[in-house]
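Below is one structure, written out as structure tokens; comments come after it.
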Amino acid sequence: MSFEHLADDEGAAAAHERRIKRCKLRGCNARIIWFRTQAGKNVAVDADTVEVSDQEYDYVRHTCHFGVCKRSL
């Protein structure tokens with residue numbers, strides 16, 4: 001029995017956790033992941049809307065953090 005796939009899953013999950021940052025605006029501190037849009041701009045995305053395997057910003061599935069940031073409401 002091979003456990004190689006489990007090591008890959010754990011490695012992917014660890015890499016995903018390293019991508020997660022915190023919003024630096026005072027009073028927010030939400031978990032975010034930075035993506036680059038097709039236009040080449042950086043966008044902060046709520047980490048809860050990102051799957052481990054996601055590598056690109058998806059306008060439909062991901063929630064842009066700037067629209068829901070506690071500091072901007």
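Identifiers for the structure tokens are assigned positionally: chains receive A, B, ... in sequence, residues are indexed from 1 per chain, and ligands are indexed from 1 in the order shown.
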Mind dumping a table of every stretch 34-72 of chain A residue within 7 Å of stretch 8-25 of chain A, with the nearest atom pair and its distance in Å to one decimal, using only C-alpha atoms, sorted by chain and rising number, as a Markdown table?
| residue | atom | partner | partner_atom | distance |
| --- | --- | --- | --- | --- |
| A:Ala47 | CA | A:Ile20 | CA | 6.7 |
| A:Val52 | CA | A:His16 | CA | 5.6 |
| A:Arg71 | CA | A:Leu25 | CA | 6.8 |
What is the atom CA of A:Asp54-atom CA of A:Asn29 distance in Å, reported with one decimal?
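Rounded to one decimal, the two atoms are 22.1 Å apart.
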Using Å and a single decimal, report how far atom CA of A:Gln55 sits from atom CA of A:Cys28.
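So the answer is 24.7 Å.
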Could you pull out the alpha helix (DSSP H) residues of chain A, going by DSSP on the backbone, and write them as a list in words?
Glu4, His5, Leu6, Ala7, Asp8, Asp9, Glu10, Gly11, Ala12, Ala13, Ala14, Ala15, His16, Glu17, Arg18 and Arg19 of chain A
Contact residues around A:Gln38 with only C-alpha atoms at 9 Å, ignoring same-chain residues under 3 positions, as a PyMOL selection string
chain A and resi 41+56-57
If you count only C-alpha atoms, which residues fall within 12 Å of A:Val60, apart from same-chain ones fewer than 6 positions away, as a VMD selection string?
chain A and resid 45 49 to 50
With N, CA and C atoms retained, could you export that selection as a PDB file, in the first residue's frame?
ATOM      1  N   VAL A  45      -7.924  38.110  -2.033  1.00  0.00           N
ATOM      2  CA  VAL A  45      -9.109  37.263  -2.069  1.00  0.00           C
ATOM      3  C   VAL A  45      -9.304  36.659  -0.681  1.00  0.00           C
ATOM      4  N   THR A  49     -12.631  31.339   0.371  1.00  0.00           N
ATOM      5  CA  THR A  49     -13.220  31.046  -0.936  1.00  0.00           C
ATOM      6  C   THR A  49     -12.216  30.381  -1.877  1.00  0.00           C
ATOM      7  N   VAL A  50     -11.013  30.075  -1.385  1.00  0.00           N
ATOM      8  CA  VAL A  50      -9.950  29.514  -2.224  1.00  0.00           C
ATOM      9  C   VAL A  50      -9.720  28.054  -1.855  1.00  0.00           C
TER      10      VAL A  50
END
Would you work out the distance separating atom CA of A:Val43 from atom CA of A:Ala30, expressed in Å to one decimal?
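A separation of 14.2 Å between them.
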To test your reading of the structure, identify every residue in chain A that backbone DSSP assigns to strand (DSSP E), and report it as a ChimeraX atom specification.
/A:21-22,31-36,42-46
